[in-house]
file structure.cif (mmCIF, C-alpha atoms)
data_model
loop_
_atom_site.label_atom_id
_atom_site.label_comp_id
_atom_site.auth_asym_id
_atom_site.auth_seq_id
_atom_site.Cartn_x
_atom_site.Cartn_y
_atom_site.Cartn_z
CA MET A 1 0.00 0.00 0.00
CA ALA A 2 1.34 3.35 -0.95
CA ILE A 3 0.42 6.97 -0.48
CA ARG A 4 -0.35 9.19 -3.40
CA CYS A 5 1.24 12.58 -3.00
CA ILE A 6 0.02 15.55 -5.02
CA ILE A 7 1.50 19.02 -4.94
CA VAL A 8 -0.72 21.68 -6.48
CA THR A 9 0.38 25.24 -7.12
CA PRO A 10 -1.79 27.93 -8.70
CA GLU A 11 0.18 27.54 -11.91
CA ARG A 12 0.19 23.80 -12.31
CA THR A 13 0.21 20.42 -10.62
CA GLU A 14 3.83 20.21 -9.61
CA LEU A 15 4.00 16.59 -8.54
CA ASP A 16 1.76 13.57 -8.58
CA CYS A 17 3.46 10.39 -7.46
CA GLU A 18 3.32 7.38 -5.20
CA ALA A 19 5.34 7.22 -2.02
CA ASP A 20 5.78 4.84 0.91
CA SER A 21 5.92 7.64 3.41
CA VAL A 22 5.65 11.39 3.37
CA THR A 23 7.08 13.88 5.82
CA LEU A 24 5.24 17.19 5.73
CA PRO A 25 6.79 20.48 6.85
CA MET A 26 3.95 21.68 9.05
CA PHE A 27 3.53 25.10 10.56
CA ASP A 28 4.91 23.94 13.90
CA GLY A 29 7.22 21.07 12.96
CA ALA A 30 7.53 18.02 10.77
CA LEU A 31 4.69 15.53 10.47
CA GLY A 32 5.18 12.03 9.13
CA VAL A 33 2.38 10.41 7.16
CA LEU A 34 2.22 6.66 6.62
CA PRO A 35 -0.50 4.71 4.80
CA GLY A 36 -3.75 4.61 6.73
CA ARG A 37 -3.34 8.01 8.37
CA ALA A 38 -6.53 9.54 9.75
CA PRO A 39 -7.94 12.40 7.68
CA LEU A 40 -6.32 15.69 8.42
CA ILE A 41 -6.20 19.27 7.25
CA GLY A 42 -3.17 21.20 8.30
CA ARG A 43 -1.30 24.36 7.78
CA LEU A 44 2.09 24.03 6.13
CA GLY A 45 5.14 26.00 7.06
CA PHE A 46 8.11 26.90 4.95
CA GLY A 47 10.34 23.87 4.72
CA THR A 48 11.21 20.61 3.09
CA LEU A 49 8.80 17.92 2.05
CA GLN A 50 10.39 14.50 2.14
CA LEU A 51 9.10 11.57 0.16
CA GLU A 52 10.22 7.97 0.46
CA THR A 53 9.48 6.51 -2.93
CA ALA A 54 10.38 3.24 -4.59
CA ALA A 55 12.97 5.13 -6.60
CA GLY A 56 14.58 6.58 -3.48
CA PRO A 57 14.08 9.63 -1.31
CA GLN A 58 12.92 12.90 -2.85
CA ARG A 59 13.00 16.33 -1.30
CA TYR A 60 10.93 19.35 -2.25
CA PHE A 61 10.83 22.86 -0.90
CA VAL A 62 7.31 23.96 0.06
CA ASP A 63 6.42 27.61 0.49
CA GLY A 64 3.59 27.57 3.02
CA GLY A 65 0.03 26.59 2.22
CA PHE A 66 -2.10 23.65 3.31
CA ALA A 67 -1.99 19.91 3.42
CA GLN A 68 -4.92 17.58 3.24
CA VAL A 69 -4.72 13.89 4.01
CA GLU A 70 -7.60 11.66 3.08
CA ASP A 71 -7.79 8.03 1.96
CA ASN A 72 -4.04 7.69 1.55
CA VAL A 73 -3.95 10.77 -0.65
CA VAL A 74 -1.80 13.62 0.53
CA SER A 75 -2.54 16.83 -1.32
CA LEU A 76 -0.45 19.88 -0.73
CA LEU A 77 -1.59 23.34 -1.74
CA THR A 78 1.26 25.73 -1.89
CA SER A 79 2.15 28.89 -3.72
CA ARG A 80 5.56 27.66 -4.76
CA SER A 81 7.28 24.32 -4.77
CA MET A 82 10.47 23.05 -6.29
CA SER A 83 13.03 20.33 -5.93
CA VAL A 84 15.59 21.20 -3.25
CA ASP A 85 18.42 20.89 -5.73
CA LEU A 86 17.14 23.96 -7.53
CA LEU A 87 17.38 26.16 -4.46
CA ASP A 88 20.33 28.48 -4.17
CA VAL A 89 21.94 29.06 -0.76
CA GLY A 90 23.18 32.54 -1.69
CA GLU A 91 19.74 33.60 -2.80
CA ALA A 92 18.15 32.29 0.38
CA GLU A 93 20.70 34.14 2.50
CA LYS A 94 19.95 37.33 0.64
CA ALA A 95 16.23 36.84 1.23
CA LEU A 96 16.90 36.40 4.94
CA GLU A 97 18.93 39.59 5.05
CA LEU A 98 16.19 41.49 3.27
CA ALA A 99 13.63 40.10 5.69
CA HIS A 100 15.71 41.23 8.67
CA GLU A 101 15.83 44.74 7.29
CA MET A 102 12.05 45.13 7.10
CA PRO A 103 10.49 47.75 9.38
CA SER A 104 8.70 46.59 12.52
CA LYS A 105 7.16 49.63 14.11
CA THR A 106 3.58 48.43 14.45
CA PRO A 107 2.23 45.02 15.47
CA GLU A 108 1.03 44.45 11.89
CA GLN A 109 4.40 45.26 10.43
CA MET A 110 6.03 42.98 12.96
CA GLN A 111 3.82 40.14 11.91
CA ILE A 112 4.62 40.70 8.25
CA LYS A 113 8.31 40.79 9.02
CA GLU A 114 8.11 37.64 11.10
CA THR A 115 6.51 35.76 8.23
CA ALA A 116 9.18 36.95 5.83
CA VAL A 117 11.94 35.89 8.20
CA ARG A 118 10.37 32.48 8.74
CA ARG A 119 10.01 31.96 5.01
CA ALA A 120 13.62 32.91 4.35
CA ARG A 121 14.85 30.64 7.13
CA GLY A 122 12.86 27.72 5.79
CA GLN A 123 14.27 28.34 2.35
CA LEU A 124 17.78 28.49 3.69
CA ARG A 125 17.34 25.29 5.69
CA SER A 126 16.05 23.46 2.63
CA ALA A 127 18.80 24.82 0.43
CA ARG A 128 21.50 23.52 2.74
CA MET B 1 -10.68 55.23 -64.41
CA ALA B 2 -7.92 54.88 -61.90
CA ASN B 3 -4.42 54.14 -62.92
CA ALA B 4 -3.95 50.38 -63.23
CA ARG B 5 -0.44 50.44 -61.85
CA ALA B 6 -1.46 52.41 -58.74
CA LEU B 7 -4.24 49.93 -58.12
CA ASP B 8 -1.85 47.03 -58.43
CA LYS B 9 0.52 48.62 -55.94
CA ARG B 10 -2.26 49.08 -53.47
CA ARG B 11 -3.40 45.52 -53.89
CA LYS B 12 0.10 44.28 -53.20
CA SER B 13 0.38 46.27 -49.98
CA ILE B 14 -2.99 44.98 -48.79
CA ARG B 15 -1.83 41.48 -49.54
CA ASN B 16 1.18 42.05 -47.32
CA ILE B 17 -1.02 43.39 -44.56
CA ARG B 18 -3.21 40.35 -44.86
CA LYS B 19 -0.18 38.14 -44.45
CA ILE B 20 0.76 39.97 -41.27
CA THR B 21 -2.72 39.91 -39.75
CA ARG B 22 -3.08 36.24 -40.55
CA THR B 23 0.21 35.48 -38.80
CA MET B 24 -0.89 37.54 -35.81
CA GLU B 25 -4.12 35.62 -35.71
CA LEU B 26 -2.25 32.32 -35.66
CA ILE B 27 0.08 33.55 -32.92
CA ALA B 28 -2.85 34.77 -30.85
CA THR B 29 -4.55 31.40 -31.28
CA ALA B 30 -1.47 29.55 -30.06
CA ARG B 31 -1.06 31.90 -27.11
CA TYR B 32 -4.73 31.66 -26.28
CA LYS B 33 -4.46 27.89 -26.02
CA LYS B 34 -1.49 28.17 -23.71
CA ALA B 35 -3.13 30.79 -21.54
CA MET B 36 -6.25 28.67 -21.41
CA ASP B 37 -4.29 25.64 -20.21
CA ARG B 38 -2.83 27.71 -17.42
CA ALA B 39 -6.23 28.96 -16.41
CA HIS B 40 -7.40 25.36 -16.28
CA ALA B 41 -4.43 24.36 -14.16
CA ALA B 42 -5.30 27.11 -11.71
CA THR B 43 -8.79 25.73 -11.20
CA ALA B 44 -7.31 22.58 -9.63
CA TYR B 45 -5.91 24.83 -6.92
CA THR B 46 -9.07 26.86 -6.40
CA GLU B 47 -11.13 23.69 -6.17
CA GLN B 48 -8.90 22.36 -3.41
CA ILE B 49 -9.18 25.64 -1.53
CA THR B 50 -12.95 25.52 -1.83
CA LYS B 51 -12.89 21.99 -0.48
CA ILE B 52 -10.88 23.04 2.54
CA VAL B 53 -13.21 25.95 3.19
CA SER B 54 -16.24 23.68 2.98
CA ARG B 55 -14.58 21.24 5.40
CA LEU B 56 -13.90 24.09 7.77
CA ALA B 57 -17.51 25.17 7.53
CA ALA B 58 -18.66 21.56 8.02
CA ALA B 59 -16.58 21.39 11.18
CA GLY B 60 -18.87 24.06 12.60
CA LEU B 61 -16.35 26.85 12.43
CA ASP B 62 -17.73 30.35 12.21
CA VAL B 63 -16.04 31.80 9.15
CA LYS B 64 -14.81 35.16 10.34
CA HIS B 65 -11.74 37.08 9.35
CA PRO B 66 -10.75 40.74 9.21
CA LEU B 67 -10.32 40.47 5.44
CA LEU B 68 -13.91 39.35 5.07
CA GLU B 69 -15.53 42.19 6.95
CA GLN B 70 -16.67 45.46 5.49
CA ARG B 71 -15.04 48.46 7.09
CA ASP B 72 -17.50 51.02 8.40
CA GLU B 73 -15.65 53.97 6.98
CA VAL B 74 -13.76 53.84 3.73
CA LYS B 75 -11.06 56.44 3.98
CA SER B 76 -8.72 55.20 1.35
CA ALA B 77 -9.34 53.12 -1.72
CA ARG B 78 -7.44 51.71 -4.64
CA VAL B 79 -8.44 50.58 -8.09
CA LEU B 80 -6.33 48.20 -10.13
CA VAL B 81 -6.99 48.31 -13.86
CA LEU B 82 -5.84 45.34 -15.92
CA ASN B 83 -5.09 46.06 -19.56
CA SER B 84 -2.83 44.64 -22.19
CA ASN B 85 0.70 45.63 -23.03
CA ARG B 86 0.04 45.58 -26.76
CA GLY B 87 -2.65 46.92 -28.98
CA LEU B 88 -4.36 45.47 -32.03
CA CYS B 89 -6.84 43.56 -29.94
CA GLY B 90 -10.11 45.19 -30.94
CA GLY B 91 -12.23 46.69 -28.20
CA TYR B 92 -10.49 44.82 -25.41
CA ASN B 93 -8.87 47.82 -23.74
CA ALA B 94 -11.68 50.22 -24.54
CA SER B 95 -14.26 48.05 -22.81
CA VAL B 96 -12.11 47.87 -19.69
CA PHE B 97 -11.88 51.67 -19.65
CA ARG B 98 -15.61 51.94 -20.12
CA GLU B 99 -16.07 50.04 -16.85
CA ALA B 100 -13.15 51.60 -15.05
CA ILE B 101 -13.68 55.30 -15.64
CA PRO B 102 -17.13 55.67 -13.98
CA ARG B 103 -15.93 53.68 -10.96
CA ILE B 104 -12.77 55.74 -10.69
CA LYS B 105 -14.76 58.98 -10.88
CA GLN B 106 -17.25 57.79 -8.31
CA LEU B 107 -14.55 56.73 -5.86
CA ARG B 108 -12.50 59.87 -6.45
CA ASP B 109 -15.46 61.96 -5.40
CA SER B 110 -16.48 59.91 -2.37
CA VAL B 111 -13.20 58.69 -0.88
CA PRO B 112 -10.66 61.11 0.61
CA ARG B 113 -7.55 59.16 -0.35
CA PHE B 114 -7.75 57.41 -3.65
CA HIS B 115 -5.18 55.85 -5.95
CA VAL B 116 -5.23 54.07 -9.26
CA ASP B 117 -2.85 51.29 -10.22
CA ALA B 118 -2.56 50.06 -13.76
CA SER B 119 -1.20 46.96 -15.38
CA GLY B 120 -0.29 46.99 -19.05
CA LYS B 121 1.15 49.72 -21.22
CA ARG B 122 -2.19 50.39 -22.85
CA GLY B 123 -3.79 50.91 -19.48
CA VAL B 124 -1.10 53.30 -18.36
CA ASP B 125 -1.31 55.30 -21.59
CA GLY B 126 -5.08 55.28 -21.76
CA LEU B 127 -5.57 56.44 -18.18
CA GLY B 128 -2.87 59.07 -18.57
CA TYR B 129 -4.65 60.38 -21.65
CA ARG B 130 -7.86 60.66 -19.66
CA GLY B 131 -6.05 62.69 -17.04
CA ILE B 132 -6.01 60.07 -14.30
CA ALA B 133 -2.85 59.92 -12.22
CA ILE B 134 -1.41 56.44 -11.85
CA ASP B 135 0.34 55.38 -8.70
CA GLN B 136 1.83 51.98 -9.47
CA LYS B 137 2.48 50.60 -12.93
CA PHE B 138 2.92 46.95 -13.72
CA LEU B 139 4.24 46.30 -17.19
CA ASN B 140 5.64 42.81 -16.73
CA PHE B 141 2.54 40.78 -17.50
CA GLU B 142 2.20 39.19 -20.90
CA ASP B 143 0.11 36.25 -21.99
CA GLN B 144 1.34 34.04 -19.15
CA PRO B 145 1.26 35.91 -15.86
CA ALA B 146 3.52 34.24 -13.29
CA TYR B 147 2.01 33.50 -9.91
CA ALA B 148 5.14 34.65 -8.11
CA GLU B 149 4.75 38.12 -9.61
CA VAL B 150 1.04 38.35 -8.94
CA GLU B 151 1.66 37.15 -5.41
CA LYS B 152 4.05 40.02 -4.80
CA ILE B 153 1.39 42.52 -5.83
CA ALA B 154 -1.23 40.67 -3.80
CA GLU B 155 0.97 40.68 -0.73
CA GLY B 156 1.57 44.39 -1.17
CA TYR B 157 -2.18 45.00 -1.14
CA LEU B 158 -2.74 42.64 1.76
CA ASN B 159 -0.11 44.40 3.83
CA GLN B 160 -1.60 47.77 2.97
CA TYR B 161 -5.04 46.52 3.90
CA ILE B 162 -3.95 44.98 7.18
CA THR B 163 -1.99 48.04 8.24
CA GLY B 164 -5.00 50.19 7.38
CA GLU B 165 -3.43 52.06 4.49
CA ILE B 166 -6.30 51.08 2.24
CA ASP B 167 -9.84 50.13 3.15
CA ARG B 168 -10.97 48.91 -0.21
CA LEU B 169 -9.53 47.44 -3.38
CA ASP B 170 -11.37 47.19 -6.67
CA VAL B 171 -10.06 45.36 -9.69
CA VAL B 172 -11.24 46.14 -13.20
CA TYR B 173 -10.53 43.27 -15.55
CA THR B 174 -12.00 41.32 -18.41
CA LYS B 175 -13.76 38.24 -17.21
CA PHE B 176 -13.48 35.25 -19.46
CA ILE B 177 -16.80 33.45 -19.75
CA SER B 178 -16.36 31.55 -22.99
CA THR B 179 -14.41 31.89 -26.21
CA SER B 180 -17.21 33.97 -27.64
CA LYS B 181 -17.96 36.01 -24.54
CA GLN B 182 -15.72 38.14 -22.36
CA VAL B 183 -17.08 40.87 -20.16
CA ALA B 184 -15.21 43.74 -18.57
CA THR B 185 -16.11 43.74 -14.88
CA VAL B 186 -15.35 45.59 -11.68
CA GLN B 187 -14.79 43.35 -8.70
CA THR B 188 -14.19 44.37 -5.13
CA LEU B 189 -11.44 42.09 -3.86
CA LEU B 190 -10.80 43.71 -0.51
CA PRO B 191 -12.75 43.23 1.67
CA LEU B 192 -13.34 39.79 0.25
CA GLY B 193 -17.00 39.45 1.14
CA SER B 194 -17.63 35.75 1.31
CA LEU B 195 -15.15 33.00 0.64
CA ASP B 196 -17.36 30.69 -1.37
CA GLU B 197 -18.18 33.10 -4.14
CA GLY B 198 -14.52 33.91 -4.56
CA VAL B 199 -13.20 30.47 -5.32
CA GLU B 200 -15.71 29.54 -7.93
CA THR B 201 -18.42 27.84 -5.98
CA ASP B 202 -18.40 24.19 -6.71
CA ASP B 203 -20.95 22.91 -4.27
CA ASN B 204 -21.26 19.42 -5.61
CA GLY B 205 -17.48 19.14 -5.69
CA GLY B 206 -17.35 19.51 -1.93
CA ALA B 207 -20.36 17.39 -1.13
CA ASP B 208 -19.87 14.61 -3.66
CA SER B 209 -16.53 13.52 -2.37
CA GLY B 210 -18.34 12.37 0.76
CA GLY B 211 -16.31 14.68 2.95
CA ALA B 212 -19.24 15.58 5.15
CA ASN B 213 -19.09 12.41 7.19
CA VAL B 214 -15.32 12.32 7.56
CA ASP B 215 -13.98 13.82 10.75
CA TYR B 216 -10.91 15.85 10.09
CA GLU B 217 -8.10 16.57 12.38
CA PHE B 218 -7.16 20.24 12.08
CA LEU B 219 -3.55 21.09 12.69
CA PRO B 220 -2.78 23.28 14.54
CA SER B 221 -6.42 24.40 14.75
CA ALA B 222 -9.31 25.23 12.46
CA GLU B 223 -8.98 28.93 13.30
CA SER B 224 -5.34 28.98 12.40
CA ILE B 225 -6.06 27.35 9.06
CA LEU B 226 -8.79 29.85 8.37
CA GLU B 227 -6.35 32.62 9.13
CA GLU B 228 -4.20 31.32 6.31
CA VAL B 229 -6.96 30.32 3.91
CA VAL B 230 -8.39 33.81 3.59
CA PRO B 231 -5.25 35.61 2.39
CA THR B 232 -4.45 32.69 0.10
CA SER B 233 -7.87 32.82 -1.43
CA PHE B 234 -7.40 36.55 -2.03
CA LYS B 235 -4.11 35.91 -3.80
CA VAL B 236 -5.61 33.19 -5.93
CA LYS B 237 -8.53 35.45 -6.80
CA LEU B 238 -6.22 38.19 -7.94
CA PHE B 239 -4.22 35.64 -9.91
CA LYS B 240 -7.43 34.47 -11.52
CA CYS B 241 -8.15 38.06 -12.57
CA PHE B 242 -4.77 38.24 -14.26
CA LEU B 243 -5.27 34.89 -15.95
CA ASP B 244 -8.73 35.83 -17.17
CA SER B 245 -7.40 39.09 -18.53
CA ALA B 246 -4.59 37.31 -20.35
CA VAL B 247 -6.92 34.77 -21.93
CA SER B 248 -9.46 37.44 -22.89
CA GLU B 249 -6.75 39.57 -24.46
CA GLN B 250 -5.64 36.73 -26.68
CA VAL B 251 -9.22 35.93 -27.67
CA ALA B 252 -9.87 39.59 -28.47
CA ARG B 253 -6.73 39.77 -30.57
CA MET B 254 -7.59 36.54 -32.32
CA ILE B 255 -11.03 37.84 -33.27
CA ALA B 256 -9.76 41.29 -34.26
CA MET B 257 -7.08 39.81 -36.46
CA LYS B 258 -9.49 37.36 -38.00
CA GLY B 259 -11.74 40.27 -38.93
CA ALA B 260 -8.80 42.19 -40.33
CA THR B 261 -7.72 39.24 -42.46
CA GLU B 262 -11.21 38.79 -43.81
CA ASN B 263 -11.56 42.48 -44.57
CA ALA B 264 -8.24 42.49 -46.36
CA GLY B 265 -9.45 39.55 -48.45
CA ASP B 266 -12.63 41.41 -49.41
CA MET B 267 -10.67 44.51 -50.27
CA ILE B 268 -8.28 42.55 -52.45
CA LYS B 269 -11.24 41.06 -54.30
CA LYS B 270 -12.75 44.48 -54.93
CA LEU B 271 -9.45 46.01 -55.93
CA SER B 272 -8.72 43.11 -58.29
CA MET B 273 -12.01 43.73 -60.00
CA THR B 274 -11.33 47.45 -60.43
CA TYR B 275 -7.79 46.70 -61.48
CA ASN B 276 -8.92 44.24 -64.16
CA ARG B 277 -11.47 46.71 -65.42
CA ALA B 278 -8.93 49.48 -65.51
CA ARG B 279 -6.47 47.26 -67.35
CA GLN B 280 -9.09 46.15 -69.80
CA SER B 281 -10.22 49.69 -70.52
CA GLN B 282 -6.61 50.72 -70.94
CA ILE B 283 -6.09 47.93 -73.50
CA THR B 284 -9.32 48.81 -75.25
CA GLY B 285 -8.22 52.43 -75.35
CA GLU B 286 -4.90 51.46 -76.85
CA ILE B 287 -6.54 49.26 -79.48
CA MET B 288 -8.91 52.06 -80.37
CA GLU B 289 -5.97 54.38 -80.74
CA ILE B 290 -4.17 51.91 -83.04
CA ILE B 291 -7.28 51.33 -85.13
CA GLY B 292 -7.83 55.08 -85.26
CA GLY B 293 -4.24 55.56 -86.36
CA VAL B 294 -4.48 52.88 -89.03
CA GLU B 295 -7.72 54.32 -90.34
CA ALA B 296 -6.20 57.77 -90.43
CA LEU B 297 -3.23 56.42 -92.44
CA GLU B 298 -5.49 54.55 -94.87
CA GLY B 299 -7.79 57.48 -95.22
#
call {"tool": "encode", "arguments": {"input": "structure.cif", "output": "C-alpha cells"}}
result
Amino acid sequence: MAIRCIIVTPERTELDCEADSVTLPMFDGALGVLPGRAPLIGRLGFGTLQLETAAGPQRYFVDGGFAQVEDNVVSLLTSRSMSVDLLDVGEAEKALELAHEMPSKTPEQMQIKETAVRRARGQLRSAR
Amino acid sequence: MANARALDKRRKSIRNIRKITRTMELIATARYKKAMDRAHAATAYTEQITKIVSRLAAAGLDVKHPLLEQRDEVKSARVLVLNSNRGLCGGYNASVFREAIPRIKQLRDSVPRFHVDASGKRGVDGLGYRGIAIDQKFLNFEDQPAYAEVEKIAEGYLNQYITGEIDRLDVVYTKFISTSKQVATVQTLLPLGSLDEGVETDDNGGADSGGANVDYEFLPSAESILEEVVPTSFKVKLFKCFLDSAVSEQVARMIAMKGATENAGDMIKKLSMTYNRARQSQITGEIMEIIGGVEALEG
C-alpha cells in the first residue's frame, strides 16, 4: 500500500506520485504520514517535504500553504514548490537579510516581518 | 478610371497586410491555447481551496476574518486596472476603460484618499490620456502571468489593507466566460466578502466527495487554518483576474485579427475587380488608338 502525493500550485500540478511515506513540513514542525493516516487538514510551514518513494528519497521545498490527508492521498496546496536541488543558498541568504531589514514599528508590520523571516529561514534550511 | 499600376501597388500592400494579420491571428490562437491551459491548471488549486473551506464550515467553524468584513468607513481606496501591453486587440482595452472610468470617478469623489494602479502599457497610456494619475504601474505581464509576480502585488495590497493604508480594493478586468464572450467587470477584492463566491463555488465538488461524514483533524487548529486560507484565497482570486485578462486579451486579438484578415481579403477582391477593369479599358483604349491611327493612315 502506498500513499499518493500531489502538490498543487496555482500555476500547475507540480508533482503527482506514489510514495511509501511522506514527511510534511507543518507550521509547527515536521509531520510524518504513513499509509492509513486519519484524515487531516493542516497548515504548512516553509520547509522541506520528504518523500520515500520506490525510486529513493525525494525532497521538495514547500512555500507555506495547506496539506490535506484523506484516503491515503496527501494533497499539498502551496504557492511555490520546487526540488531542493534547484534552491540556491546565496539567494536564500539574501532573502533572509532582506527580511531582517524590514520595518517593525507596528504590530502588523512585525507580523509581516516575522513571516518573511520564517520563510527565508525555511528556504535556507532546505537549500542547505 | 484609376491608374492600373497604382491599383496594383495598393493591392500588393494589402496582400502584405493580410499576411501579417493572418500570422498575428495564428500567434494569438497559439497563445490563447497556452493561456487557457494555465487557467485550467489554476482551477485545480481553487477547487482544493474551496474543499478546505467547505470542510472548515462543516466542522462548525464560524467563518470570520478581518479580510472578510466590510469596514465602516472607507477612507482610502485603490483601483487596479488590468489592460494589455500591446494593442491590435479590438475593443479589449476600450471596454475595460468603459467600466473603469465611472468607478474611478465615483470613488475619487467619495473617498478622501484614492489611488489608481494600472497593469499593461495600454492601461497606463489610456488612463494618462484621460487625465487620471497612476500610482503603481505593472508592465511585466504578458500572456502568461507568473504566480510569483502576482503574489508580490497581492501581498503588497494585503499588507496595505492589514496596516490600514487602504480600506478597499477594486479590480477592473476582463472576465473570461467563454471563447465567444468576455465581459469587462469591476470586482471588489478587498474586503473579500464571502469566501465561497470567490473560489468559484463548486458545491457538488465539496459534497460529492463524501467529505461531510469524515472527521478531520485540524492542525494546529481550524482557526489557524482559516487565518491562512483567507489571504491565500485573495491571492488566488487576484491571480485568476490576471489569468482571465490574459486569456481574454488573446481571444480579443484573435477575433480582431481574423476580422482584419477577412476584410483584407474582401478589399483585395474588390481592388482586383477594379484593377482588371482598368487594365481592360486601358487595353481597349490602346486598341482604339491603333485602329484610329491605321484608319487615319489609310484614309
call {"tool": "residues_around", "arguments": {"input": "structure.cif", "residues": "Pro66 (chain B)", "least_positions_apart": "2", "cutoff": "12 Å", "atoms": "only C-alpha atoms", "output": "JSON, numbers by chain"}}
result
{"B": [63, 64, 68, 69, 70, 71, 158, 161, 162, 163, 164, 167, 190, 191, 192, 193, 194, 226, 227, 228, 230, 231]}
call {"tool": "closest_atom_pairs", "arguments": {"input": "structure.cif", "of": "region 213-245 of chain B", "to": "region 22-41 of chain A", "cutoff": "7 Å", "atoms": "all atoms listed in the file", "output": "JSON lines"}}
result
{"residue": "B:Asp215", "atom": "CA", "partner": "A:Pro39", "partner_atom": "CA", "distance": 6.9}
{"residue": "B:Tyr216", "atom": "CA", "partner": "A:Leu40", "partner_atom": "CA", "distance": 4.9}
{"residue": "B:Glu217", "atom": "CA", "partner": "A:Leu40", "partner_atom": "CA", "distance": 4.4}
{"residue": "B:Phe218", "atom": "CA", "partner": "A:Ile41", "partner_atom": "CA", "distance": 5.0}
{"residue": "B:Leu219", "atom": "CA", "partner": "A:Ile41", "partner_atom": "CA", "distance": 6.3}
call {"tool": "residues_around", "arguments": {"input": "structure.cif", "residues": "Asp85 (chain A)", "least_positions_apart": "5", "cutoff": "10 Å", "atoms": "all atoms listed in the file", "output": "ChimeraX atom specification"}}
result
/A:59-61,126-128
call {"tool": "closest_residue", "arguments": {"input": "structure.cif", "among": "A:Thr115, A:Thr48, A:Thr106, A:Ser83", "to": "chain B", "atoms": "all atoms listed in the file"}}
result
A:Thr106
call {"tool": "closest_atom_pairs", "arguments": {"input": "structure.cif", "of": "chain B", "to": "chain A", "cutoff": "9 Å", "atoms": "all atoms listed in the file", "output": "JSON lines"}}
result
{"residue": "B:Arg38", "atom": "CA", "partner": "A:Glu11", "partner_atom": "CA", "distance": 6.3}
{"residue": "B:Ala39", "atom": "CA", "partner": "A:Glu11", "partner_atom": "CA", "distance": 8.0}
{"residue": "B:His40", "atom": "CA", "partner": "A:Arg12", "partner_atom": "CA", "distance": 8.7}
{"residue": "B:Ala41", "atom": "CA", "partner": "A:Arg12", "partner_atom": "CA", "distance": 5.0}
{"residue": "B:Ala42", "atom": "CA", "partner": "A:Pro10", "partner_atom": "CA", "distance": 4.7}
{"residue": "B:Thr43", "atom": "CA", "partner": "A:Pro10", "partner_atom": "CA", "distance": 7.8}
{"residue": "B:Ala44", "atom": "CA", "partner": "A:Val8", "partner_atom": "CA", "distance": 7.4}
{"residue": "B:Tyr45", "atom": "CA", "partner": "A:Pro10", "partner_atom": "CA", "distance": 5.5}
{"residue": "B:Thr46", "atom": "CA", "partner": "A:Pro10", "partner_atom": "CA", "distance": 7.7}
{"residue": "B:Gln48", "atom": "CA", "partner": "A:Leu77", "partner_atom": "CA", "distance": 7.6}
{"residue": "B:Ile49", "atom": "CA", "partner": "A:Leu77", "partner_atom": "CA", "distance": 7.9}
{"residue": "B:Ile52", "atom": "CA", "partner": "A:Ile41", "partner_atom": "CA", "distance": 7.6}
{"residue": "B:Arg55", "atom": "CA", "partner": "A:Ile41", "partner_atom": "CA", "distance": 8.8}
{"residue": "B:Ala146", "atom": "CA", "partner": "A:Glu11", "partner_atom": "CA", "distance": 7.6}
{"residue": "B:Tyr147", "atom": "CA", "partner": "A:Glu11", "partner_atom": "CA", "distance": 6.5}
{"residue": "B:Ala148", "atom": "CA", "partner": "A:Arg80", "partner_atom": "CA", "distance": 7.8}
{"residue": "B:Glu151", "atom": "CA", "partner": "A:Ser79", "partner_atom": "CA", "distance": 8.4}
{"residue": "B:Asn159", "atom": "CA", "partner": "A:Ile112", "partner_atom": "CA", "distance": 7.5}
{"residue": "B:Ile162", "atom": "CA", "partner": "A:Glu108", "partner_atom": "CA", "distance": 6.9}
{"residue": "B:Thr163", "atom": "CA", "partner": "A:Glu108", "partner_atom": "CA", "distance": 5.9}
{"residue": "B:Val214", "atom": "CA", "partner": "A:Pro39", "partner_atom": "CA", "distance": 7.4}
{"residue": "B:Asp215", "atom": "CA", "partner": "A:Pro39", "partner_atom": "CA", "distance": 6.9}
{"residue": "B:Tyr216", "atom": "CA", "partner": "A:Leu40", "partner_atom": "CA", "distance": 4.9}
{"residue": "B:Glu217", "atom": "CA", "partner": "A:Leu40", "partner_atom": "CA", "distance": 4.4}
{"residue": "B:Phe218", "atom": "CA", "partner": "A:Ile41", "partner_atom": "CA", "distance": 5.0}
{"residue": "B:Leu219", "atom": "CA", "partner": "A:Gly42", "partner_atom": "CA", "distance": 4.4}
{"residue": "B:Pro220", "atom": "CA", "partner": "A:Gly42", "partner_atom": "CA", "distance": 6.6}
{"residue": "B:Ser221", "atom": "CA", "partner": "A:Gly42", "partner_atom": "CA", "distance": 7.9}
{"residue": "B:Ala222", "atom": "CA", "partner": "A:Gly42", "partner_atom": "CA", "distance": 8.4}
{"residue": "B:Ser224", "atom": "CA", "partner": "A:Arg43", "partner_atom": "CA", "distance": 7.7}
{"residue": "B:Ile225", "atom": "CA", "partner": "A:Arg43", "partner_atom": "CA", "distance": 5.8}
{"residue": "B:Glu228", "atom": "CA", "partner": "A:Gly65", "partner_atom": "CA", "distance": 7.5}
{"residue": "B:Val229", "atom": "CA", "partner": "A:Gly65", "partner_atom": "CA", "distance": 8.1}
{"residue": "B:Thr232", "atom": "CA", "partner": "A:Gly65", "partner_atom": "CA", "distance": 7.9}
{"residue": "B:Val236", "atom": "CA", "partner": "A:Pro10", "partner_atom": "CA", "distance": 7.1}
{"residue": "B:Phe239", "atom": "CA", "partner": "A:Pro10", "partner_atom": "CA", "distance": 8.2}
call {"tool": "atom_distance", "arguments": {"input": "structure.cif", "atom1": "CA of Asn3 (chain B)", "atom2": "CA of Glu289 (chain B)"}}
result
17.9 Å
call {"tool": "atom_distance", "arguments": {"input": "structure.cif", "atom1": "CA of Gly91 (chain B)", "atom2": "CA of Met257 (chain B)"}}
result
11.9 Å
call {"tool": "residues_around", "arguments": {"input": "structure.cif", "residues": "Gln280 (chain B)", "least_positions_apart": "6", "cutoff": "10 Å", "atoms": "all atoms listed in the file", "output": "list in words"}}
result
Ala4, Thr274 and Glu286 of chain B
call {"tool": "resolve_selection", "arguments": {"input": "structure.cif", "expression": "the PyMOL selection byres ((chain A and resi 91) around 12)", "output": "list in words"}}
result
Leu86, Leu87, Asp88, Val89, Gly90, Ala92, Glu93, Lys94, Ala95, Leu96, Glu97, Leu98, Ala120, Arg121, Gln123, Leu124, Ala127 and Arg128 of chain A
call {"tool": "resolve_selection", "arguments": {"input": "structure.cif", "expression": "the PyMOL selection byres ((chain B and resi 134) around 10)", "output": "PyMOL selection string"}}
result
chain B and resi 79-80+115-118+123-125+127-128+131-133+135-137
